[in-house]
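Shown next: protein08.txt, containing compact mmCIF, C-alpha atoms.
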# COMPACT_ATOMS: atom_id res chain seq x y z
CA MET X 1 -9.68 -10.87 31.22
CA LYS X 2 -6.99 -12.47 33.33
CA ARG X 3 -4.90 -15.14 31.66
CA SER X 4 -5.98 -17.90 34.05
CA LEU X 5 -9.63 -17.18 33.41
CA LEU X 6 -8.99 -16.95 29.71
CA VAL X 7 -7.27 -20.33 29.62
CA LEU X 8 -10.02 -21.92 31.73
CA SER X 9 -12.73 -20.50 29.52
CA PHE X 10 -10.85 -21.59 26.43
CA THR X 11 -10.53 -25.13 27.77
CA LEU X 12 -14.22 -25.31 28.52
CA MET X 13 -15.11 -23.99 25.10
CA LEU X 14 -12.72 -26.43 23.46
CA THR X 15 -14.39 -29.31 25.28
CA VAL X 16 -17.86 -28.12 24.40
CA GLY X 17 -16.85 -27.60 20.79
CA LEU X 18 -15.45 -31.09 20.42
CA VAL X 19 -18.52 -32.66 22.00
CA ALA X 20 -20.94 -30.60 19.97
CA PHE X 21 -19.28 -31.16 16.64
CA GLY X 22 -17.81 -34.59 17.14
CA GLY X 23 -14.39 -33.33 16.13
CA THR X 24 -15.42 -32.51 12.57
CA LYS X 25 -14.37 -28.85 12.80
CA LYS X 26 -10.95 -29.91 13.99
CA ALA X 27 -10.70 -32.01 10.87
CA GLU X 28 -11.66 -29.02 8.76
CA ALA X 29 -8.80 -27.05 10.25
CA SER X 30 -6.23 -29.62 9.23
CA ALA X 31 -3.04 -28.72 7.46
CA LYS X 32 -4.80 -29.14 4.11
CA THR X 33 -7.30 -26.40 4.82
CA ILE X 34 -7.28 -22.79 5.94
CA LEU X 35 -10.10 -22.01 8.34
CA LEU X 36 -11.41 -18.47 7.91
CA GLY X 37 -13.51 -17.38 10.87
CA VAL X 38 -16.24 -14.88 9.97
CA ALA X 39 -17.66 -13.26 13.08
CA GLY X 40 -20.29 -10.55 13.30
CA ALA X 41 -23.98 -9.75 13.59
CA HIS X 42 -25.66 -12.43 11.50
CA SER X 43 -29.01 -12.02 13.24
CA GLY X 44 -30.76 -9.32 15.27
CA ASP X 45 -31.20 -5.60 14.67
CA LEU X 46 -27.69 -5.13 13.24
CA ALA X 47 -27.63 -8.12 10.92
CA SER X 48 -27.80 -5.70 8.00
CA TYR X 49 -24.17 -4.87 8.86
CA GLY X 50 -22.90 -8.40 9.44
CA LEU X 51 -24.56 -10.47 6.72
CA PRO X 52 -22.99 -8.51 3.82
CA SER X 53 -19.55 -9.31 5.27
CA LEU X 54 -20.37 -13.01 5.44
CA GLU X 55 -21.55 -12.92 1.85
CA ALA X 56 -18.39 -11.09 0.76
CA ALA X 57 -16.23 -13.71 2.45
CA LYS X 58 -18.11 -16.51 0.70
CA LEU X 59 -17.57 -14.91 -2.71
CA VAL X 60 -13.85 -14.36 -2.17
CA VAL X 61 -13.35 -17.85 -0.79
CA LYS X 62 -15.19 -19.43 -3.71
CA ALA X 63 -13.05 -17.53 -6.20
CA VAL X 64 -9.85 -18.47 -4.37
CA ASN X 65 -10.81 -22.13 -4.03
CA ASP X 66 -11.87 -22.33 -7.68
CA ALA X 67 -8.41 -21.03 -8.59
CA GLY X 68 -6.67 -23.74 -6.56
CA GLY X 69 -6.81 -22.33 -3.04
CA VAL X 70 -4.08 -20.61 -1.05
CA ASN X 71 -0.71 -22.29 -1.50
CA GLY X 72 -2.64 -25.40 -2.49
CA ALA X 73 -4.90 -25.37 0.59
CA GLN X 74 -8.66 -24.95 0.30
CA VAL X 75 -10.30 -22.28 2.45
CA VAL X 76 -13.19 -23.22 4.76
CA ILE X 77 -15.45 -20.66 6.45
CA SER X 78 -16.66 -20.94 10.03
CA SER X 79 -19.32 -18.25 10.62
CA GLN X 80 -20.09 -17.11 14.17
CA ASP X 81 -23.02 -14.84 15.05
CA ASP X 82 -22.31 -12.31 17.81
CA GLN X 83 -25.32 -9.99 17.18
CA CYS X 84 -22.85 -7.15 17.85
CA LYS X 85 -23.09 -7.98 21.56
CA PRO X 86 -19.81 -8.23 23.52
CA GLU X 87 -20.94 -11.25 25.54
CA PHE X 88 -21.79 -13.15 22.37
CA ALA X 89 -18.58 -11.96 20.72
CA THR X 90 -16.44 -13.63 23.37
CA ASN X 91 -18.35 -16.88 22.85
CA ALA X 92 -17.79 -16.59 19.12
CA ALA X 93 -14.09 -15.95 19.63
CA PHE X 94 -13.66 -18.95 21.92
CA LYS X 95 -15.48 -21.11 19.37
CA LEU X 96 -13.17 -19.97 16.59
CA VAL X 97 -10.12 -20.58 18.76
CA SER X 98 -11.36 -24.08 19.55
CA ASP X 99 -11.93 -24.69 15.84
CA GLU X 100 -8.31 -23.62 15.23
CA ALA X 101 -9.22 -20.75 12.93
CA THR X 102 -6.25 -19.58 10.90
CA VAL X 103 -7.45 -15.97 10.67
CA VAL X 104 -10.69 -14.12 11.48
CA LEU X 105 -12.75 -11.67 9.44
CA GLY X 106 -14.62 -9.51 11.94
CA HIS X 107 -16.03 -8.55 14.20
CA ILE X 108 -18.43 -5.91 12.90
CA CYS X 109 -19.19 -3.58 15.83
CA SER X 110 -16.46 -1.93 17.87
CA GLY X 111 -17.74 -3.08 21.26
CA ALA X 112 -17.94 -6.70 20.14
CA THR X 113 -14.53 -6.46 18.51
CA LYS X 114 -12.98 -5.05 21.67
CA ALA X 115 -14.44 -7.92 23.72
CA ALA X 116 -13.13 -10.61 21.36
CA LEU X 117 -9.67 -9.28 20.57
CA PRO X 118 -7.89 -10.40 23.79
CA ILE X 119 -8.98 -13.97 23.06
CA TYR X 120 -7.52 -13.90 19.55
CA LYS X 121 -4.40 -12.13 20.83
CA GLU X 122 -3.84 -14.82 23.43
CA SER X 123 -4.05 -17.43 20.68
CA ASN X 124 -1.95 -15.56 18.09
CA ILE X 125 -4.79 -15.20 15.60
CA VAL X 126 -4.93 -12.26 13.22
CA CYS X 127 -8.32 -10.51 13.23
CA MET X 128 -9.39 -8.02 10.56
CA SER X 129 -12.58 -5.96 10.74
CA PRO X 130 -14.33 -4.26 7.82
CA SER X 131 -16.24 -1.89 10.09
CA ALA X 132 -14.96 -1.58 13.68
CA THR X 133 -13.92 2.07 13.70
CA ASN X 134 -13.22 2.79 17.38
CA PRO X 135 -9.76 4.50 17.36
CA PRO X 136 -8.14 2.72 20.36
CA LEU X 137 -8.57 -0.66 18.67
CA THR X 138 -5.49 0.23 16.63
CA GLN X 139 -4.11 3.42 18.16
CA SER X 140 -3.74 2.04 21.70
CA GLY X 141 -1.20 -0.55 20.54
CA ASP X 142 -2.96 -3.12 22.76
CA TYR X 143 -3.93 -5.37 19.86
CA PRO X 144 -1.04 -6.00 17.45
CA ASN X 145 -3.14 -8.85 15.98
CA PHE X 146 -5.88 -6.43 14.85
CA PHE X 147 -6.26 -4.84 11.41
CA ARG X 148 -9.11 -3.06 9.62
CA THR X 149 -10.05 -1.94 6.11
CA ILE X 150 -11.95 1.16 7.22
CA ALA X 151 -10.72 4.45 8.66
CA SER X 152 -11.21 5.19 12.37
CA ASP X 153 -13.87 7.27 14.12
CA ASP X 154 -11.64 10.24 14.84
CA ALA X 155 -11.33 10.70 11.07
CA GLN X 156 -15.07 10.51 10.44
CA ALA X 157 -15.87 12.64 13.49
CA ALA X 158 -13.53 15.32 12.12
CA LEU X 159 -15.25 15.11 8.74
CA ALA X 160 -18.72 15.30 10.32
CA THR X 161 -17.95 18.27 12.55
CA ASN X 162 -16.08 20.21 9.88
CA PHE X 163 -19.05 19.66 7.58
CA ALA X 164 -21.51 20.76 10.27
CA ILE X 165 -19.56 23.92 11.08
CA ASP X 166 -17.93 25.00 7.83
CA THR X 167 -20.45 23.74 5.25
CA LEU X 168 -23.76 23.96 7.11
CA GLY X 169 -22.70 26.90 9.30
CA LEU X 170 -24.04 25.41 12.52
CA LYS X 171 -23.29 27.31 15.74
CA LYS X 172 -25.14 25.38 18.47
CA ILE X 173 -24.85 21.63 18.18
CA ALA X 174 -26.49 18.88 20.22
CA VAL X 175 -24.26 15.78 20.36
CA ILE X 176 -26.19 12.57 21.11
CA HIS X 177 -24.83 9.04 21.42
CA ASP X 178 -25.88 5.48 22.28
CA LYS X 179 -23.39 5.03 25.17
CA GLY X 180 -21.55 2.26 23.27
CA ASP X 181 -17.83 2.08 22.42
CA TYR X 182 -18.53 3.06 18.85
CA GLY X 183 -21.29 5.64 19.25
CA LYS X 184 -19.97 7.37 22.35
CA GLY X 185 -16.44 7.31 20.97
CA PHE X 186 -17.57 9.06 17.81
CA ALA X 187 -19.60 11.57 19.85
CA GLU X 188 -16.70 12.38 22.16
CA PHE X 189 -14.46 13.10 19.21
CA ALA X 190 -17.20 15.28 17.70
CA LYS X 191 -17.54 17.20 20.98
CA LYS X 192 -13.77 17.66 21.13
CA TYR X 193 -13.52 18.97 17.58
CA ILE X 194 -16.52 21.30 17.92
CA THR X 195 -15.12 22.84 21.09
CA LYS X 196 -11.64 23.12 19.61
CA SER X 197 -12.95 24.92 16.51
CA ASP X 198 -14.04 28.04 18.46
CA LYS X 199 -16.67 28.47 15.73
CA ALA X 200 -19.50 26.55 17.42
CA GLU X 201 -20.50 25.18 20.81
CA VAL X 202 -21.90 21.93 22.15
CA VAL X 203 -25.22 22.89 23.77
CA LEU X 204 -26.16 19.33 24.73
CA PHE X 205 -24.14 16.12 25.20
CA GLU X 206 -26.45 13.25 26.04
CA GLY X 207 -26.48 9.45 25.93
CA VAL X 208 -29.56 7.39 25.11
CA THR X 209 -30.40 3.78 25.92
CA PRO X 210 -30.18 1.46 22.91
CA GLY X 211 -33.38 -0.42 22.14
CA ALA X 212 -35.74 2.05 23.79
CA VAL X 213 -39.07 2.64 22.10
CA ASP X 214 -39.50 6.27 23.09
CA TYR X 215 -36.78 8.92 22.77
CA SER X 216 -39.10 11.88 23.34
CA ALA X 217 -37.17 12.94 26.48
CA VAL X 218 -33.91 13.52 24.62
CA VAL X 219 -35.78 15.09 21.71
CA GLN X 220 -37.34 17.53 24.16
CA LYS X 221 -33.86 18.32 25.53
CA ILE X 222 -32.60 18.97 22.00
CA LYS X 223 -35.46 21.36 21.40
CA ALA X 224 -34.93 23.14 24.73
CA SER X 225 -31.18 23.51 24.11
CA GLY X 226 -31.75 25.75 21.12
CA ALA X 227 -29.55 23.53 18.98
CA ASP X 228 -29.40 24.34 15.30
CA GLY X 229 -28.17 20.85 14.45
CA VAL X 230 -27.71 17.33 15.86
CA VAL X 231 -24.65 15.11 15.63
CA PHE X 232 -25.48 11.51 16.54
CA GLY X 233 -23.03 8.69 17.29
CA GLY X 234 -24.48 5.20 17.08
CA TYR X 235 -26.41 2.81 14.87
CA HIS X 236 -29.47 3.01 12.67
CA PRO X 237 -32.09 1.47 15.03
CA GLU X 238 -31.76 4.35 17.51
CA ALA X 239 -31.07 6.98 14.85
CA SER X 240 -34.22 6.11 12.90
CA LYS X 241 -36.39 6.52 16.01
CA ILE X 242 -34.70 9.73 17.17
CA VAL X 243 -34.84 11.48 13.81
CA SER X 244 -38.48 10.41 13.37
CA GLN X 245 -39.40 11.91 16.73
CA ILE X 246 -37.40 15.06 15.98
CA ARG X 247 -39.38 15.55 12.76
CA LYS X 248 -42.68 14.89 14.59
CA LYS X 249 -41.76 17.80 16.88
CA LYS X 250 -41.48 19.95 13.74
CA LEU X 251 -37.74 20.40 14.27
CA THR X 252 -36.17 20.75 10.83
CA ILE X 253 -32.58 21.14 12.02
CA PRO X 254 -29.86 19.07 10.26
CA PHE X 255 -29.20 15.56 11.58
CA ILE X 256 -25.63 14.39 11.00
CA SER X 257 -24.35 10.95 11.88
CA ASP X 258 -21.79 8.25 11.19
CA ASP X 259 -21.34 5.13 9.08
CA GLY X 260 -23.47 3.25 11.62
CA VAL X 261 -26.40 5.16 10.16
CA LYS X 262 -25.33 5.12 6.52
CA ALA X 263 -27.42 2.06 5.72
CA GLN X 264 -30.48 1.47 3.58
CA LYS X 265 -32.10 -0.08 6.65
CA PHE X 266 -32.06 3.35 8.32
CA ILE X 267 -33.91 4.88 5.37
CA ASP X 268 -36.40 2.01 5.21
CA VAL X 269 -37.27 2.37 8.91
CA ALA X 270 -37.19 6.17 9.21
CA GLY X 271 -39.13 6.68 5.97
CA LYS X 272 -39.74 10.34 5.09
CA ALA X 273 -37.94 11.45 8.26
CA ALA X 274 -34.70 10.13 6.72
CA GLU X 275 -34.82 12.64 3.87
CA GLY X 276 -32.03 15.17 4.24
CA VAL X 277 -30.11 13.24 6.91
CA TYR X 278 -26.34 13.37 6.55
CA ALA X 279 -24.02 10.48 7.38
CA THR X 280 -20.36 9.78 6.88
CA GLY X 281 -19.38 6.60 5.11
CA PRO X 282 -16.46 4.95 3.35
CA ARG X 283 -15.11 6.98 0.42
CA ASP X 284 -16.68 6.44 -3.00
CA ILE X 285 -14.83 3.56 -4.66
CA THR X 286 -17.12 2.91 -7.61
CA GLY X 287 -14.38 3.83 -10.09
CA ASN X 288 -12.11 1.05 -8.84
CA PRO X 289 -12.00 -1.94 -11.26
CA MET X 290 -11.91 -4.34 -8.30
CA TYR X 291 -15.11 -2.76 -6.99
CA LYS X 292 -16.80 -3.68 -10.25
CA VAL X 293 -15.46 -7.24 -10.04
CA ALA X 294 -16.82 -7.70 -6.52
CA LEU X 295 -20.16 -6.12 -7.41
CA GLY X 296 -20.44 -8.31 -10.50
CA GLN X 297 -19.86 -11.45 -8.45
CA TYR X 298 -22.57 -10.39 -6.01
CA LYS X 299 -25.05 -9.43 -8.70
CA ALA X 300 -24.57 -12.78 -10.43
CA THR X 301 -26.49 -14.46 -7.63
CA HIS X 302 -28.45 -11.67 -5.95
CA ASP X 303 -31.13 -9.23 -7.08
CA ASP X 304 -30.49 -6.61 -4.39
CA GLU X 305 -27.51 -4.39 -3.48
CA PRO X 306 -24.63 -5.85 -1.44
CA GLY X 307 -25.28 -3.85 1.76
CA ALA X 308 -23.15 -2.04 4.31
CA PHE X 309 -19.42 -2.85 4.54
CA PHE X 310 -19.63 -5.50 1.80
CA PHE X 311 -16.68 -4.06 -0.10
CA GLU X 312 -14.63 -3.48 3.06
CA ALA X 313 -15.24 -7.11 4.03
CA TYR X 314 -14.44 -8.34 0.52
CA SER X 315 -11.17 -6.37 0.72
CA ALA X 316 -10.36 -7.70 4.19
CA THR X 317 -10.89 -11.29 3.08
CA GLN X 318 -8.64 -10.73 0.10
CA ALA X 319 -5.96 -9.13 2.30
CA LEU X 320 -6.03 -11.97 4.84
CA LEU X 321 -5.79 -14.76 2.27
CA LYS X 322 -3.17 -12.90 0.24
CA ALA X 323 -1.06 -12.43 3.38
CA ILE X 324 -1.14 -16.19 4.01
CA GLU X 325 -0.13 -16.78 0.41
CA VAL X 326 2.75 -14.29 0.64
CA ALA X 327 3.83 -15.64 4.02
CA GLY X 328 3.94 -19.13 2.57
CA SER X 329 2.53 -20.47 5.84
CA THR X 330 -0.10 -19.88 8.50
CA ASP X 331 2.49 -18.66 11.00
CA TYR X 332 1.14 -15.64 12.90
CA ASP X 333 4.29 -13.51 12.72
CA LYS X 334 4.71 -14.14 9.00
CA ILE X 335 1.08 -13.22 8.27
CA VAL X 336 1.43 -9.96 10.24
CA GLU X 337 4.64 -9.14 8.40
CA ALA X 338 3.01 -9.79 5.03
CA LEU X 339 0.04 -7.53 5.87
CA ARG X 340 2.37 -4.67 6.71
CA THR X 341 4.79 -5.02 3.81
CA HIS X 342 2.85 -6.30 0.78
CA GLU X 343 0.16 -4.36 -1.05
CA VAL X 344 -2.96 -6.06 -2.35
CA GLU X 345 -5.46 -4.88 -4.96
CA THR X 346 -8.93 -4.68 -3.39
CA PRO X 347 -12.27 -2.91 -3.98
CA VAL X 348 -11.27 -0.20 -1.45
CA GLY X 349 -7.99 0.39 -3.25
CA LYS X 350 -4.46 -0.91 -3.34
CA ILE X 351 -3.77 -1.31 0.36
CA LYS X 352 -1.33 -2.47 2.96
CA PHE X 353 -1.38 -1.78 6.68
CA ASP X 354 0.56 0.56 8.93
CA SER X 355 2.33 -0.53 12.09
CA LYS X 356 -0.87 -0.08 14.12
CA GLY X 357 -3.13 -2.05 11.80
CA ASP X 358 -4.95 0.68 9.87
CA ALA X 359 -5.24 0.33 6.10
CA ILE X 360 -3.21 2.99 4.35
CA GLY X 361 -5.21 5.00 1.82
CA VAL X 362 -8.81 4.49 2.94
CA GLY X 363 -11.03 7.32 4.17
CA PHE X 364 -14.54 8.74 4.55
CA SER X 365 -16.93 10.90 2.53
CA MET X 366 -20.14 12.72 3.49
CA TYR X 367 -23.48 11.42 2.18
CA GLN X 368 -27.06 12.72 2.32
CA VAL X 369 -30.40 10.95 1.91
CA LYS X 370 -32.14 12.19 -1.23
CA ASP X 371 -35.21 10.54 -2.73
CA GLY X 372 -34.84 7.48 -0.53
CA ALA X 373 -31.14 6.79 -1.09
CA TYR X 374 -27.79 8.00 0.19
CA GLN X 375 -25.92 10.19 -2.29
CA GLU X 376 -22.40 11.50 -1.86
CA VAL X 377 -22.19 15.22 -1.08
CA LYS X 378 -19.80 16.69 -3.64
Structure encoded using structure tokens:
Amino acid sequence: MKRSLLVLSFTLMLTVGLVAFGGTKKAEASAKTILLGVAGAHSGDLASYGLPSLEAAKLVVKAVNDAGGVNGAQVVISSQDDQCKPEFATNAAFKLVSDEATVVLGHICSGATKAALPIYKESNIVCMSPSATNPPLTQSGDYPNFFRTIASDDAQAALATNFAIDTLGLKKIAVIHDKGDYGKGFAEFAKKYITKSDKAEVVLFEGVTPGAVDYSAVVQKIKASGADGVVFGGYHPEASKIVSQIRKKKLTIPFISDDGVKAQKFIDVAGKAAEGVYATGPRDITGNPMYKVALGQYKATHDDEPGAFFFEAYSATQALLKAIEVAGSTDYDKIVEALRTHEVETPVGKIKFDSKGDAIGVGFSMYQVKDGAYQEVK
């Protein structure tokens, strides 16, 4: 977006925000408070990814405020629902800018994150995602204000393809994706690594339309290609339909996907078809004492499990607020410096961030659905 358009849009959003909220949000963002923006899918098909992050932020903020706040300032959350849609993500970002957010947790999906980041960059706001794994978000160097507590897609694509080739022994692989920044990015890395291995070949590389009811055409192409396995890049709504239709065609070939599919929602929707599906996901952290602290806080008020990216979001919230504490101010440059130079104990480990914004020390593991739940493949 050009600067002039950005400024115009910002001004309009600022005006709308002040009218809509009567200036109360501006008051919340006073010097006595720290406004934490929490942006992501809080409704829609991908809410199962965004709501756990919002809940994690609430728990961390409560604990911090109960302990006296950050440098004496109380933390206030402003949640913005983008439904993982880029057009909604820009609206959410403008709203948070108009509210004078100090820092932002989010967004959740890579495409939405990519759409919102220029707006935060223009306003010198640090943005940290628990789940946006598209490599260029950090590796391009275009967004020095962006950080994340999860490894990037090239890492999980390498894990998925090495597993498919070396562990499962696949030779002819169909690579399917949802055409989005995240799904297609993962698929392109998978295609690259498969080809480079010289041990297997990509017999089909095909994009599907998100939200479609019927994926029988691509399933038929998979069958006709002679593939002995499928690698899918995308999210659980499409994956659950595709794998269900693959199983209805009596194709029993392995289905391997990414952390966009490693969600209980995928298993709930796909049912028996989910059994045996492989998906990469954040490394097992259950032995970390901070993991147990975060889980205990969640369980104290909930009967279910925290959900996808809860611990990555909990860690990101901790890292953001700790950086403000270490910086001793809400100055953008000082927060960035603190994130890169000071370690913080979190559920995903003791982390700080490299010069591009990736958390040092986090990674992925392979999981498989067994008896209705994902279990790590040892």
Shell of 8 Å around region 137-151 of chain X, only C-alpha atoms, local chain residues under 3 positions omitted, as a ChimeraX atom specification: /X:114,117-118,120-121,124-134,155-156,282,312-313,315-316,336,348,353,356-359,362-364
Just-selected residues, C-alpha atoms written as a PDB file, in the frame of the given file:
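Generated file (selection_34.pdb):
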ATOM      1  CA  LYS X 114     -12.980  -5.050  21.670  1.00  0.00           C
ATOM      2  CA  LEU X 117      -9.670  -9.280  20.570  1.00  0.00           C
ATOM      3  CA  PRO X 118      -7.890 -10.400  23.790  1.00  0.00           C
ATOM      4  CA  TYR X 120      -7.520 -13.900  19.550  1.00  0.00           C
ATOM      5  CA  LYS X 121      -4.400 -12.130  20.830  1.00  0.00           C
ATOM      6  CA  ASN X 124      -1.950 -15.560  18.090  1.00  0.00           C
ATOM      7  CA  ILE X 125      -4.790 -15.200  15.600  1.00  0.00           C
ATOM      8  CA  VAL X 126      -4.930 -12.260  13.220  1.00  0.00           C
ATOM      9  CA  CYS X 127      -8.320 -10.510  13.230  1.00  0.00           C
ATOM     10  CA  MET X 128      -9.390  -8.020  10.560  1.00  0.00           C
ATOM     11  CA  SER X 129     -12.580  -5.960  10.740  1.00  0.00           C
ATOM     12  CA  PRO X 130     -14.330  -4.260   7.820  1.00  0.00           C
ATOM     13  CA  SER X 131     -16.240  -1.890  10.090  1.00  0.00           C
ATOM     14  CA  ALA X 132     -14.960  -1.580  13.680  1.00  0.00           C
ATOM     15  CA  THR X 133     -13.920   2.070  13.700  1.00  0.00           C
ATOM     16  CA  ASN X 134     -13.220   2.790  17.380  1.00  0.00           C
ATOM     17  CA  ALA X 155     -11.330  10.700  11.070  1.00  0.00           C
ATOM     18  CA  GLN X 156     -15.070  10.510  10.440  1.00  0.00           C
ATOM     19  CA  PRO X 282     -16.460   4.950   3.350  1.00  0.00           C
ATOM     20  CA  GLU X 312     -14.630  -3.480   3.060  1.00  0.00           C
ATOM     21  CA  ALA X 313     -15.240  -7.110   4.030  1.00  0.00           C
ATOM     22  CA  SER X 315     -11.170  -6.370   0.720  1.00  0.00           C
ATOM     23  CA  ALA X 316     -10.360  -7.700   4.190  1.00  0.00           C
ATOM     24  CA  VAL X 336       1.430  -9.960  10.240  1.00  0.00           C
ATOM     25  CA  VAL X 348     -11.270  -0.200  -1.450  1.00  0.00           C
ATOM     26  CA  PHE X 353      -1.380  -1.780   6.680  1.00  0.00           C
ATOM     27  CA  LYS X 356      -0.870  -0.080  14.120  1.00  0.00           C
ATOM     28  CA  GLY X 357      -3.130  -2.050  11.800  1.00  0.00           C
ATOM     29  CA  ASP X 358      -4.950   0.680   9.870  1.00  0.00           C
ATOM     30  CA  ALA X 359      -5.240   0.330   6.100  1.00  0.00           C
ATOM     31  CA  VAL X 362      -8.810   4.490   2.940  1.00  0.00           C
ATOM     32  CA  GLY X 363     -11.030   7.320   4.170  1.00  0.00           C
ATOM     33  CA  PHE X 364     -14.540   8.740   4.550  1.00  0.00           C
TER      34      PHE X 364
END
Near-Pro210 (chain X) list (10 Å; only C-alpha atoms; drop same-chain fewer than 5 positions) as a PyMOL selection string: chain X and resi 177-180+215+234-235+237-239
How would the residues just chosen look if you wrote them out with C-alpha atoms as an mmCIF file, in the coordinates of the input?
data_model
loop_
_atom_site.group_PDB
_atom_site.id
_atom_site.type_symbol
_atom_site.label_atom_id
_atom_site.label_comp_id
_atom_site.auth_asym_id
_atom_site.auth_seq_id
_atom_site.Cartn_x
_atom_site.Cartn_y
_atom_site.Cartn_z
ATOM 1 C CA HIS X 177 -24.830 9.040 21.420
ATOM 2 C CA ASP X 178 -25.880 5.480 22.280
ATOM 3 C CA LYS X 179 -23.390 5.030 25.170
ATOM 4 C CA GLY X 180 -21.550 2.260 23.270
ATOM 5 C CA TYR X 215 -36.780 8.920 22.770
ATOM 6 C CA GLY X 234 -24.480 5.200 17.080
ATOM 7 C CA TYR X 235 -26.410 2.810 14.870
ATOM 8 C CA PRO X 237 -32.090 1.470 15.030
ATOM 9 C CA GLU X 238 -31.760 4.350 17.510
ATOM 10 C CA ALA X 239 -31.070 6.980 14.850
#
Shortest interatomic distance to Gly183 (chain X) - which of X:Ala115, X:Cys109, X:Leu168, X:Leu159, counting only C-alpha atoms: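 Smallest distance to Gly183 (chain X) is found for X:Cys109.
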Atomic separation - CA of Gly111 (chain X) relative to CA of Cys84 (chain X), Å: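 So the answer is 7.4 Å.
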CA of Lys322 (chain X) to CA of Ile77 (chain X), distance in Å rounded to a single decimal: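 CA of Ile77 (chain X) lies at a distance of 15.8 Å from CA of Lys322 (chain X).
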Atomic distance CA of Ala190 (chain X) - CA of Asn162 (chain X), expressed in Å with one decimal: 9.3 Å
Residue nearest Tyr298 (chain X) - candidates X:Thr33, X:Ala274, X:Lys191, X:Tyr314, atoms counted: all atoms listed in the file: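 Counting all atoms listed in the file, the residue closest to Tyr298 (chain X) is X:Tyr314.
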